[in-house]
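Trainee: Quick one: this structure, given as structure tokens, is what I'll be asking you about.
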Amino acid sequence: MNNNLEQSNSIDGLDKLISKEKQKQGHSIWGNLIISLILPPFSTLWVLYQVWKNNTLHLLLPAMTILYSVLFGLYSYLTLSSPKAFTAVFAGKIENSAILPQGHNFLITILAILLTVVGIIGGLYTRNKAKREDRLSTLMILLLVVILVFQFWISLRELTWVNSVINGSLGNLYQGL
């Protein structure tokens with residue numbers, strides 16, 4: 001009888017210890033997400049390396065994919081609508097309207113929408129799976145990393161596109177320097 005009482009006390013203590021450890025991992029995940037947003041992709045890579053060393057990559061990567069997908073969707077919308085705003089602001093300073101490169105908008109818009117949707121759905125699915133099983137398969141982790149890499153690549157492409165619109169419309173502003 002005494003042995004059963006000791007076992008139930010040790011099991012309760014173990015449950016409390018596990019719940020405290022999960023709370024601590026939850027707090028560190030939010031801190032790591034905020035740190036990863038400071039100077040992406042460099043801070044993102046550093047945070048991913050740190051959580052990989054601490055064996056909590058399966059908890060952070062789905063949350064990071066969800067957050068980055070939402071931010072990527074907003075960034076893509078704002079970037080692809082920026083030439084219209086650029087033309088409205090600088091209409092008096094340029095002789096013609098903004099020169100938009102052809103064929104870029106449609107393909108990049110489709111890829112941005114797909115990556116946003118796939119990132120959010122994939123992040124939610126893998127987050128729930130990681131919470132249930134307390135691990136993720138290597139294939140799932142690789143899929144989330146590929147989504148993040150493509151999002152960074154498309155973001156860079158969108159930024160260079162806006163730069164080409166501005167340079168094509170205004171020309172080289174520092175030509176005489």
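Each chain in the structure tokens gets a letter, A, B and so on, in the order shown; residues start at 1 in every chain, and ligands are counted from 1 in the order they appear.
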Show which residues sit within 8 Å of Ile35 of chain A, as a list in words. Count only C-alpha atoms, and ignore same-chain residues fewer than 3 positions away.

Mentor: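 Listed by chain and then number, they are Gly31, Asn32, Ile38, Ser43, Thr44 and Val47 of chain A.
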
Trainee: Could you write out the selected residues, including N, CA and C atoms, as a CSV table (one decimal), in the first residue's frame?

Mentor:
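Produced file part31.csv, reproduced below:
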```csv
chain,number,residue,atom,x,y,z
A,31,GLY,N,10.1,33.9,-27.6
A,31,GLY,CA,11.3,34.7,-27.6
A,31,GLY,C,12.1,34.5,-28.8
A,32,ASN,N,12.2,33.2,-29.2
A,32,ASN,CA,13.0,32.9,-30.4
A,32,ASN,C,12.3,33.4,-31.7
A,38,ILE,N,14.2,40.0,-36.1
A,38,ILE,CA,15.0,41.2,-36.0
A,38,ILE,C,15.7,41.5,-37.3
A,43,SER,N,19.1,36.4,-38.6
A,43,SER,CA,18.7,36.1,-37.3
A,43,SER,C,17.8,34.8,-37.3
A,44,THR,N,17.1,34.6,-38.4
A,44,THR,CA,16.3,33.4,-38.5
A,44,THR,C,17.2,32.1,-38.5
A,47,VAL,N,18.6,31.5,-35.0
A,47,VAL,CA,17.6,31.0,-34.1
A,47,VAL,C,17.3,29.5,-34.4
```

Trainee: Name all residues at most 10 Å from Trp30 of chain A (count only C-alpha atoms; drop same-chain ones fewer than 5 positions away) and give them as a ChimeraX atom specification.

Mentor: /A:25,35-36,60,63-64

Trainee: Hey, what's within 10 Å of Pro62 of chain A if we count only C-alpha atoms and toss same-chain stuff fewer than 6 positions away? As a list in words, please?

Mentor: Tyr68, Gly119, Ile120, Ile121, Gly122, Gly123, Leu124, Tyr125, Thr126, Arg127, Asn128, Lys129, Ala130, Leu136, Met140, Ile141, Leu144 and Val145 of chain A

Trainee: Could you save those same residues with C-alpha atoms as a compact mmCIF listing (two decimals), in the first residue's frame?

Mentor:
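Output below, filename part.txt:
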```txt
# COMPACT_ATOMS: atom_id res chain seq x y z
CA TYR A 68 6.37 34.13 -41.60
CA GLY A 119 2.75 27.90 -45.26
CA ILE A 120 -0.23 28.59 -43.01
CA ILE A 121 -1.90 25.22 -43.57
CA GLY A 122 1.39 23.30 -43.35
CA GLY A 123 2.38 25.19 -40.21
CA LEU A 124 -0.94 24.53 -38.48
CA TYR A 125 -0.89 20.84 -39.43
CA THR A 126 2.69 20.28 -38.30
CA ARG A 127 2.20 22.33 -35.11
CA ASN A 128 -0.70 20.10 -34.07
CA LYS A 129 1.24 17.00 -35.03
CA ALA A 130 4.33 18.14 -33.09
CA LEU A 136 8.31 15.84 -36.30
CA MET A 140 8.03 17.49 -42.35
CA ILE A 141 10.90 19.65 -41.06
CA LEU A 144 8.71 23.65 -43.63
CA VAL A 145 12.28 24.80 -44.31
```
